[in-house]
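Engineer: One structure coming up, written as C-alpha cells, with questions to follow.
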Amino acid sequence: MTEEIKNSNWKLRKGQIIAAKQMTATEKWFDIKLEDGDLDHEPGQFVQVELYGIGEAPISVCSSPTKRGSFELTVRAAGRLTKHMHSMGVGDWLGIRGPFGKPFPVKLMTGNDLLFVAGGLGIAPLRSLINYVIDNRREFGKVDILLGCKTPTDMLFGDEIKTWEKRLDVNFSCTVDRTAPDWKGNVGLITSLIPGVTINPEKTFGVVVGPPIMYKFVIAELLKKNLPERQIILSLERHMKCGMGKCGHCQIDHPKNYYCCKDGPTFTYEEVKESKKL
Amino acid sequence: MNYHILKKTELDGFVKKLAKTMKVCAPVAKGHNNFAFEEVTSAGEIALSYIPTILPPKKYFMPPREKMLDFDISEGKPKDTASFDSEKIALFGVHTCDLAGIQCLNMVFSEKPRDYNYILRKENVFIIGLECNGYCDTHASCALVGNHYPNGGYDLFFTDLGEKFIIHVGTQKGEELVEGMGLEKASPADLSALDKVREGKKKTFQNEIGVDPKSLPAIFAKGVDSKVWTDLGAKCVSCGNCTNVCPTCYCFDMADTINLDLKTGSRNRTWDSCQFETFATVAGGENFREERGARQRHRFYRKFKYPLDKFYRAFCTGCGRCTRTCMAKINLKDTLRALAAESK
C-alpha cells in the first residue's frame with residue numbers, strides 16, 4: 001500500500017463524542033474530540049461524518065474555531081445516517097474527513113458591520129461565525145443577529161441565545177412563524193425583522209443562512225436596503241459526497257460550474273445570483 | 001519518436017508476447033454489433049474493426065465498483081485500512097475518441113485534490129491506440145471535436161496500412177516495448193502511406209453537425225432556458241445509461257457495505273449518474289435538479305460548457321455511445337443541431 005493511498009483525502013480521522021444533547025425533537029447536538037488533534041476549521045466549513053457501516057454525510061461545523069480541543073455539530077434527523085446518529089451518545093466513535101469548503105470571508109468582514117440572518121437549521125453553520133465574531137468582538141463594527149424559526153420549540157441553542165440577548169455588544173431579535181401560549185416575542189416571517197435594522201450599506205456584510213426558500217425573500221429585503229450584492233454572503237446547501245469537487249453531486253447549475261463543496265458552501269450573492277436554484 | 005511496422009500476420013505473436021508480461025485487454029465481439037473490452041490472449045479474439053465498445057475503457061481506470069477502505073467495528077473504536085488493488089494491463093485497440101476520454105479523466109483526477117486511487121491505477125495501464133480509417137457508424141461525431149485524428153494519450157498507436165500496421169511510438173515505455181520485440185522501423189514508403197491514409201480521412205470525416213465547434217460555448221451560453229431541454233425531459237426515462245457509457249462521465253457515489261458478521265465491512269466507490277432522480281437531492285428533501293429536462297441539460301453542459309472553461313476542451317469525445325444506448329432515442333447530434341438552430 002503506497003503512502004499516497006494511506007494518506008489520501010479519503011482517510012478518516014477518528015472522533016469520539018464527548019458530549020451530546022437532544023436540542024429539539026429533530027435536532028441533536030454533539031461535541032466531538034478528534035484523537036489526533038484539533039479539526040482546525042474556519043467558520044462556515046463542514047466535515048464529512050462517517051458512521052461505519054452506514055455511510056457518510058456532510059455536516060456543518062457549528063462551533064467557532066476559537067473553541068479549541070473539540071468541535072460541535074448539530075444534526076437534524078433527516079436522512080438515514082443522521083437518524084442513526086441520533087441514537088449515538090457520549091463515548092461513541094465516528095470517522096471524520098475535512099474540514100472542507102470555503103469559509104465565510106472573515107478577513108473581508110473585519111472592521112465592518114455585520115448583519116446575521118438565520119432561518120431554522122441555518123443557525124448551525126452561522127453559529128460558527130457568530131461565536132467567532134463574539135470572541136473577537138472588537139475587530140468588528142455593529143453586530144445584528146436575526147433569527148427565525150417555525151415555532152418556539154424549534155429554537156436551537158436556546159441557552160446560548162439567551163446570553164446573546166443579554167449582551168450589550170450585539171443586537172439580537174428573533175421571530176417565529178407560528179406562536180405558542182408562552183411565547184412573548186415576535187410572530188411572523190424573518191423578513192419582517194429586516195426593515196427594523198439600520199444598515200450602512202457602505203460597510204455592512206449581510207450573512208444569510210437558511211433554507212432555499214428563505215434566500216429569495218431575505219435577499220430581496222437586503223437589496224431594498226441598498227446592500228451591495230457582493231456584501232451579501234450565503235451558505236448554500238447541496239449533498240457534498242466527496243468534498244473534493246469530483247463526485248459531481250453538489251454542483252450548482254451556474255455558468256461558472258461551481259462545486260458547492262470546494263467553491264462554496266459560502267458564496268457572495270453576486271457570485272451565485274445566476275444560479276438556477278440557490 | 002519513431003515509427004515501426006508490424007505485419008498483420010505477426011499480430012498474434014505480438015499479442016502473445018505482450019500477454020506474457022501483463023494482462024492484455026482488447027475489443028471483443030459480443031454479437032449483435034456489440035463489442036466489449038475484455039482480456040485476450042491471442043489476436044484471433046480481437047475485433048480489429050469495431051464500433052465503440054458498450055463501456056468505454058474508463059472501466060480500467062475507474063472501476064464501476066472500487067473498494068476504498070476496509071473497516072472493523074467489533075471493538076468500540078473503529079479500525080480501518082485503505083484498500084487498493086490494481087494490476088498491470090495493456091489496453092490494445094483504443095480508438096482516438098476513447099484516448100481523448102482517458103485524457104479527460106486524467107485531467108479531472110490529477111487536478112488537486114488529487115485522486116491517487118485513479119492516478120496509481122492509470123500508471124499501471126499501457127495504452128495502444130488504433131486509428132479509425134473510416135466512420136464506425138452514423139452516431140459518431142468525432143470530427144466535430146477533432147478526435148478523428150490521434151491527439152496523444154497513448155504509448156503506441158497503430159494505423160492499418162492494409163497488410164501491416166504502422167506503429168507510432170508515443171512514449172519511452174512504448175519505445176522499449178517495440179525495441180524489445182525487435183519490430184522493424186518504418187520505411188519512407190510506409191510513412192507516405194500513412195500520410196495518404198490521413199489525407200483520405202479529411203474527406204471521409206466531416207464536421208457532423210455543421211456547427212463550428214468554436215461557436216459551441218456561445219450556443220450553450222445562450223441555451224440555458226432552451227425548449228430543447230424541455231423536449232429532452234419529455235423523452236428521457238432517467239435510466240442513466242448515457243452517463244454509464246460515456247467515456248468522460250466520472251460522477252460517483254460512496255457507500256458502505258457491512259458484512260454479515262455486522263462487525264466488518266468496506267467503503268466502496270461506485271459509478272453514479274446525474275440523470276438519476278435523487279442525484280442532487282439533499283436529506284431534507286430539496287431536489288436541486290428535479291426535472292428530467294434540467295438533468296439532461298446538466299449532462300450536456302458538463303460536456304460542452306463547463307469543461308471548456310475548466311479544462312479548455314469539450315468533454316464530449318464524439319464516440320456516440322450515449323445516442324446508441326439511449327432507450328428514448330435521445331440523439332446527441334440532433335440535440336446540438338436543434339440548440340444551434342435556436343441560437344441563430
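Please note that chains go A, B, ... in the order of the C-alpha cells, that every chain numbers its residues from 1, and that ligands are numbered from 1 in the order shown.
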Quick one: everything within 9 Å of Glu56 (chain A), counting only C-alpha atoms, minus sequence neighbours fewer than 6 positions away in the same chain. Send it as a PyMOL selection string.

Structural biologist: (chain A and resi 48-50+81+95-96+241) or (chain B and resi 254-256)

Engineer: So that I have them on file, write out the residues from the current selection with N, CA and C atoms, as a CSV table (one decimal), in the first residue's frame.

Structural biologist:
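What ended up in out22.csv:
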chain,number,residue,atom,x,y,z
A,48,GLN,N,-17.2,15.7,6.7
A,48,GLN,CA,-17.9,14.5,6.3
A,48,GLN,C,-17.9,13.6,7.5
A,49,VAL,N,-19.0,13.2,8.0
A,49,VAL,CA,-19.2,12.3,9.1
A,49,VAL,C,-19.4,10.9,8.6
A,50,GLU,N,-18.5,10.0,9.0
A,50,GLU,CA,-18.7,8.6,8.6
A,50,GLU,C,-19.2,7.8,9.8
A,81,LEU,N,-28.4,8.4,7.6
A,81,LEU,CA,-27.3,8.5,8.5
A,81,LEU,C,-27.6,9.3,9.7
A,95,GLY,N,-16.1,8.5,12.2
A,95,GLY,CA,-15.0,8.9,11.3
A,95,GLY,C,-15.2,10.3,10.8
A,96,ILE,N,-14.2,11.1,10.7
A,96,ILE,CA,-14.3,12.4,10.2
A,96,ILE,C,-13.3,12.7,9.1
A,241,LYS,N,-20.7,14.8,-1.5
A,241,LYS,CA,-20.3,13.4,-1.1
A,241,LYS,C,-18.8,13.2,-1.0
B,254,MET,N,-20.3,7.2,-2.9
B,254,MET,CA,-19.5,6.4,-1.9
B,254,MET,C,-20.6,5.7,-1.0
B,255,ALA,N,-20.4,4.4,-0.8
B,255,ALA,CA,-21.4,3.7,0.0
B,255,ALA,C,-20.7,2.7,0.9
B,256,ASP,N,-21.2,2.5,2.1
B,256,ASP,CA,-20.6,1.4,3.0
B,256,ASP,C,-21.4,0.1,2.8

Engineer: Please identify the helix (DSSP H, G or I) residues within region 64-269 of chain A (assignment by DSSP from backbone atoms) and present them as a PyMOL selection string.

Structural biologist: chain A and resi 80-85+106-109+120-135+137-139+152-154+158-166+190-196+201-203+212-224+229-231+269

Engineer: Write a file of the just-selected residues containing C-alpha atoms, as a PDB file, in the first residue's frame.

Structural biologist:
ATOM      1  CA  ARG A  80     -30.589   7.519   7.017  1.00  0.00           C
ATOM      2  CA  LEU A  81     -27.264   8.469   8.533  1.00  0.00           C
ATOM      3  CA  THR A  82     -28.489  11.380  10.627  1.00  0.00           C
ATOM      4  CA  LYS A  83     -31.379   9.324  12.028  1.00  0.00           C
ATOM      5  CA  HIS A  84     -28.869   6.734  13.149  1.00  0.00           C
ATOM      6  CA  MET A  85     -26.609   9.415  14.555  1.00  0.00           C
ATOM      7  CA  VAL A 106     -13.784  36.745   7.841  1.00  0.00           C
ATOM      8  CA  LYS A 107     -10.874  38.908   6.641  1.00  0.00           C
ATOM      9  CA  LEU A 108     -13.130  40.911   4.342  1.00  0.00           C
ATOM     10  CA  MET A 109     -15.675  41.343   7.115  1.00  0.00           C
ATOM     11  CA  GLY A 120     -34.188  27.249  11.022  1.00  0.00           C
ATOM     12  CA  LEU A 121     -31.160  24.982  10.974  1.00  0.00           C
ATOM     13  CA  GLY A 122     -29.224  27.751   9.203  1.00  0.00           C
ATOM     14  CA  ILE A 123     -28.240  28.924  12.677  1.00  0.00           C
ATOM     15  CA  ALA A 124     -25.889  25.900  12.914  1.00  0.00           C
ATOM     16  CA  PRO A 125     -23.287  26.977  10.327  1.00  0.00           C
ATOM     17  CA  LEU A 126     -23.879  30.629  11.187  1.00  0.00           C
ATOM     18  CA  ARG A 127     -23.182  29.992  14.867  1.00  0.00           C
ATOM     19  CA  SER A 128     -19.577  29.097  13.991  1.00  0.00           C
ATOM     20  CA  LEU A 129     -19.204  32.643  12.646  1.00  0.00           C
ATOM     21  CA  ILE A 130     -21.348  34.400  15.283  1.00  0.00           C
ATOM     22  CA  ASN A 131     -19.313  32.903  18.125  1.00  0.00           C
ATOM     23  CA  TYR A 132     -16.095  33.668  16.259  1.00  0.00           C
ATOM     24  CA  VAL A 133     -17.198  37.300  15.981  1.00  0.00           C
ATOM     25  CA  ILE A 134     -18.281  37.439  19.627  1.00  0.00           C
ATOM     26  CA  ASP A 135     -14.905  36.002  20.691  1.00  0.00           C
ATOM     27  CA  ARG A 137     -15.771  41.270  19.142  1.00  0.00           C
ATOM     28  CA  ARG A 138     -13.572  44.370  18.973  1.00  0.00           C
ATOM     29  CA  GLU A 139     -12.475  43.537  15.400  1.00  0.00           C
ATOM     30  CA  PRO A 152     -40.669  28.495  19.782  1.00  0.00           C
ATOM     31  CA  THR A 153     -39.920  24.813  20.459  1.00  0.00           C
ATOM     32  CA  ASP A 154     -37.877  24.594  17.245  1.00  0.00           C
ATOM     33  CA  GLY A 158     -31.786  28.337  23.428  1.00  0.00           C
ATOM     34  CA  ASP A 159     -29.487  28.806  26.436  1.00  0.00           C
ATOM     35  CA  GLU A 160     -26.765  30.375  24.339  1.00  0.00           C
ATOM     36  CA  ILE A 161     -29.245  32.642  22.585  1.00  0.00           C
ATOM     37  CA  LYS A 162     -30.318  33.981  25.982  1.00  0.00           C
ATOM     38  CA  THR A 163     -26.735  35.150  26.528  1.00  0.00           C
ATOM     39  CA  TRP A 164     -26.740  36.846  23.094  1.00  0.00           C
ATOM     40  CA  GLU A 165     -29.947  38.636  24.068  1.00  0.00           C
ATOM     41  CA  LYS A 166     -28.310  39.949  27.228  1.00  0.00           C
ATOM     42  CA  ILE A 190     -37.882  36.517   9.234  1.00  0.00           C
ATOM     43  CA  THR A 191     -38.214  39.135   6.500  1.00  0.00           C
ATOM     44  CA  SER A 192     -40.425  41.162   8.850  1.00  0.00           C
ATOM     45  CA  LEU A 193     -37.388  41.838  11.085  1.00  0.00           C
ATOM     46  CA  ILE A 194     -35.180  43.322   8.382  1.00  0.00           C
ATOM     47  CA  PRO A 195     -36.890  46.726   7.885  1.00  0.00           C
ATOM     48  CA  GLY A 196     -36.274  47.451  11.581  1.00  0.00           C
ATOM     49  CA  PRO A 201     -24.673  49.803   3.013  1.00  0.00           C
ATOM     50  CA  GLU A 202     -21.111  51.024   2.595  1.00  0.00           C
ATOM     51  CA  LYS A 203     -19.752  48.989   5.453  1.00  0.00           C
ATOM     52  CA  PRO A 212     -33.509  27.839  -0.179  1.00  0.00           C
ATOM     53  CA  ILE A 213     -36.969  29.430   0.004  1.00  0.00           C
ATOM     54  CA  MET A 214     -35.767  31.929   2.604  1.00  0.00           C
ATOM     55  CA  TYR A 215     -32.934  33.275   0.447  1.00  0.00           C
ATOM     56  CA  LYS A 216     -35.203  34.705  -2.186  1.00  0.00           C
ATOM     57  CA  PHE A 217     -37.169  36.849   0.218  1.00  0.00           C
ATOM     58  CA  VAL A 218     -34.374  37.843   2.581  1.00  0.00           C
ATOM     59  CA  ILE A 219     -32.075  38.855  -0.278  1.00  0.00           C
ATOM     60  CA  ALA A 220     -34.842  40.992  -1.760  1.00  0.00           C
ATOM     61  CA  GLU A 221     -35.186  42.812   1.584  1.00  0.00           C
ATOM     62  CA  LEU A 222     -31.444  43.349   1.870  1.00  0.00           C
ATOM     63  CA  LEU A 223     -31.226  44.703  -1.673  1.00  0.00           C
ATOM     64  CA  LYS A 224     -34.045  47.118  -0.765  1.00  0.00           C
ATOM     65  CA  GLU A 229     -24.685  42.087  -3.881  1.00  0.00           C
ATOM     66  CA  ARG A 230     -21.068  41.334  -3.066  1.00  0.00           C
ATOM     67  CA  GLN A 231     -21.697  42.102   0.597  1.00  0.00           C
ATOM     68  CA  TYR A 269     -24.885  36.717  -3.758  1.00  0.00           C
TER      69      TYR A 269
END

Engineer: Skipping near chain neighbours, those fewer than 3 positions away, what residues fall within 10 Å of Lys222 (chain B) using only C-alpha atoms, listed as a list in words?

Structural biologist: Leu216, Pro217, Ala218, Ile219, Asp225, Ser226, Leu339, Ala340, Glu342 and Ser343 of chain B

Engineer: Using only C-alpha atoms and a cut-off of 6 Å, which residues of chain A sit close to chain B? Please list them as a PyMOL selection string.

Structural biologist: chain A and resi 6+53-55+78-79+93+239+247-249+257

Engineer: May I ask which of the residues B:Pro247, B:Gly180, B:Gly134, B:Pro150 is the closest one to Thr204 (chain B), counting only C-alpha atoms?

Structural biologist: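 Among B:Pro247, B:Gly180, B:Gly134, B:Pro150, it is B:Gly134 that comes nearest to Thr204 (chain B).
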
Engineer: Just how far from CA of Ile145 (chain A) is CA of His41 (chain A), in Å to one decimal?

Structural biologist: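 Distance between the two atoms: 22.5 Å.
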
Engineer: Write out as a list in words the residues lying within 12 Å of Trp183 (chain A), counting only C-alpha atoms and excluding same-chain residues fewer than 2 positions away.

Structural biologist: Thr151, Pro152, Thr153, Met155, Cys174, Thr175, Val176, Asp177, Arg178, Thr179, Ala180, Pro181, Gly185, Asn186 and Val187 of chain A

Engineer: With N, CA and C atoms retained, export the selected residues as a PDB file, in the first residue's frame.

Structural biologist:
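What landed in selection_6.pdb:
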ATOM      1  N   THR A 151     -41.540  27.390  15.162  1.00  0.00           N
ATOM      2  CA  THR A 151     -42.260  27.594  16.416  1.00  0.00           C
ATOM      3  C   THR A 151     -41.238  27.776  17.535  1.00  0.00           C
ATOM      4  N   PRO A 152     -41.641  28.300  18.693  1.00  0.00           N
ATOM      5  CA  PRO A 152     -40.669  28.495  19.782  1.00  0.00           C
ATOM      6  C   PRO A 152     -39.936  27.206  20.165  1.00  0.00           C
ATOM      7  N   THR A 153     -40.589  26.048  20.045  1.00  0.00           N
ATOM      8  CA  THR A 153     -39.920  24.813  20.459  1.00  0.00           C
ATOM      9  C   THR A 153     -38.870  24.359  19.445  1.00  0.00           C
ATOM     10  N   MET A 155     -36.548  26.272  18.383  1.00  0.00           N
ATOM     11  CA  MET A 155     -35.377  27.123  18.511  1.00  0.00           C
ATOM     12  C   MET A 155     -34.171  26.333  19.000  1.00  0.00           C
ATOM     13  N   CYS A 174     -35.514  37.807  17.386  1.00  0.00           N
ATOM     14  CA  CYS A 174     -35.955  36.598  16.723  1.00  0.00           C
ATOM     15  C   CYS A 174     -37.464  36.594  16.537  1.00  0.00           C
ATOM     16  N   THR A 175     -37.888  35.730  15.630  1.00  0.00           N
ATOM     17  CA  THR A 175     -39.309  35.663  15.316  1.00  0.00           C
ATOM     18  C   THR A 175     -39.674  34.208  15.045  1.00  0.00           C
ATOM     19  N   VAL A 176     -40.946  33.880  15.294  1.00  0.00           N
ATOM     20  CA  VAL A 176     -41.415  32.524  14.992  1.00  0.00           C
ATOM     21  C   VAL A 176     -42.553  32.620  13.976  1.00  0.00           C
ATOM     22  N   ASP A 177     -42.636  31.620  13.108  1.00  0.00           N
ATOM     23  CA  ASP A 177     -43.716  31.617  12.105  1.00  0.00           C
ATOM     24  C   ASP A 177     -45.060  31.400  12.786  1.00  0.00           C
ATOM     25  N   ARG A 178     -45.068  30.461  13.733  1.00  0.00           N
ATOM     26  CA  ARG A 178     -46.307  30.150  14.460  1.00  0.00           C
ATOM     27  C   ARG A 178     -46.028  30.253  15.957  1.00  0.00           C
ATOM     28  N   THR A 179     -46.909  30.865  16.675  1.00  0.00           N
ATOM     29  CA  THR A 179     -46.639  31.145  18.082  1.00  0.00           C
ATOM     30  C   THR A 179     -47.048  29.975  18.986  1.00  0.00           C
ATOM     31  N   ALA A 180     -46.733  30.107  20.264  1.00  0.00           N
ATOM     32  CA  ALA A 180     -47.125  29.122  21.275  1.00  0.00           C
ATOM     33  C   ALA A 180     -47.600  29.920  22.487  1.00  0.00           C
ATOM     34  N   PRO A 181     -48.384  29.303  23.402  1.00  0.00           N
ATOM     35  CA  PRO A 181     -49.010  30.070  24.501  1.00  0.00           C
ATOM     36  C   PRO A 181     -48.038  30.910  25.324  1.00  0.00           C
ATOM     37  N   GLY A 185     -42.428  36.842  22.198  1.00  0.00           N
ATOM     38  CA  GLY A 185     -41.652  37.554  21.171  1.00  0.00           C
ATOM     39  C   GLY A 185     -42.435  37.828  19.898  1.00  0.00           C
ATOM     40  N   ASN A 186     -41.660  38.116  18.818  1.00  0.00           N
ATOM     41  CA  ASN A 186     -42.250  38.435  17.519  1.00  0.00           C
ATOM     42  C   ASN A 186     -42.872  37.208  16.870  1.00  0.00           C
ATOM     43  N   VAL A 187     -43.921  37.458  16.093  1.00  0.00           N
ATOM     44  CA  VAL A 187     -44.509  36.396  15.283  1.00  0.00           C
ATOM     45  C   VAL A 187     -44.528  36.882  13.841  1.00  0.00           C
TER      46      VAL A 187
END

Engineer: Closest to Gly101 (chain A) among A:Gly89, A:Gly44, A:Pro228, A:Gly119, using only C-alpha atoms?

Structural biologist: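 Closest residue, counting only C-alpha atoms: A:Gly44.
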
Engineer: Quick one: residues within 8 Å of region 182-194 of chain B, only C-alpha atoms, excluding same-chain residues fewer than 3 positions away - as a count of residues only?

Structural biologist: 12

Engineer: Considering only C-alpha atoms, can you say which of B:Ser74, B:Asn241, B:Gln275, B:Asn33 comes closest to Lys329 (chain B)?

Structural biologist: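 The answer is B:Asn241, which sits nearest to Lys329 (chain B).
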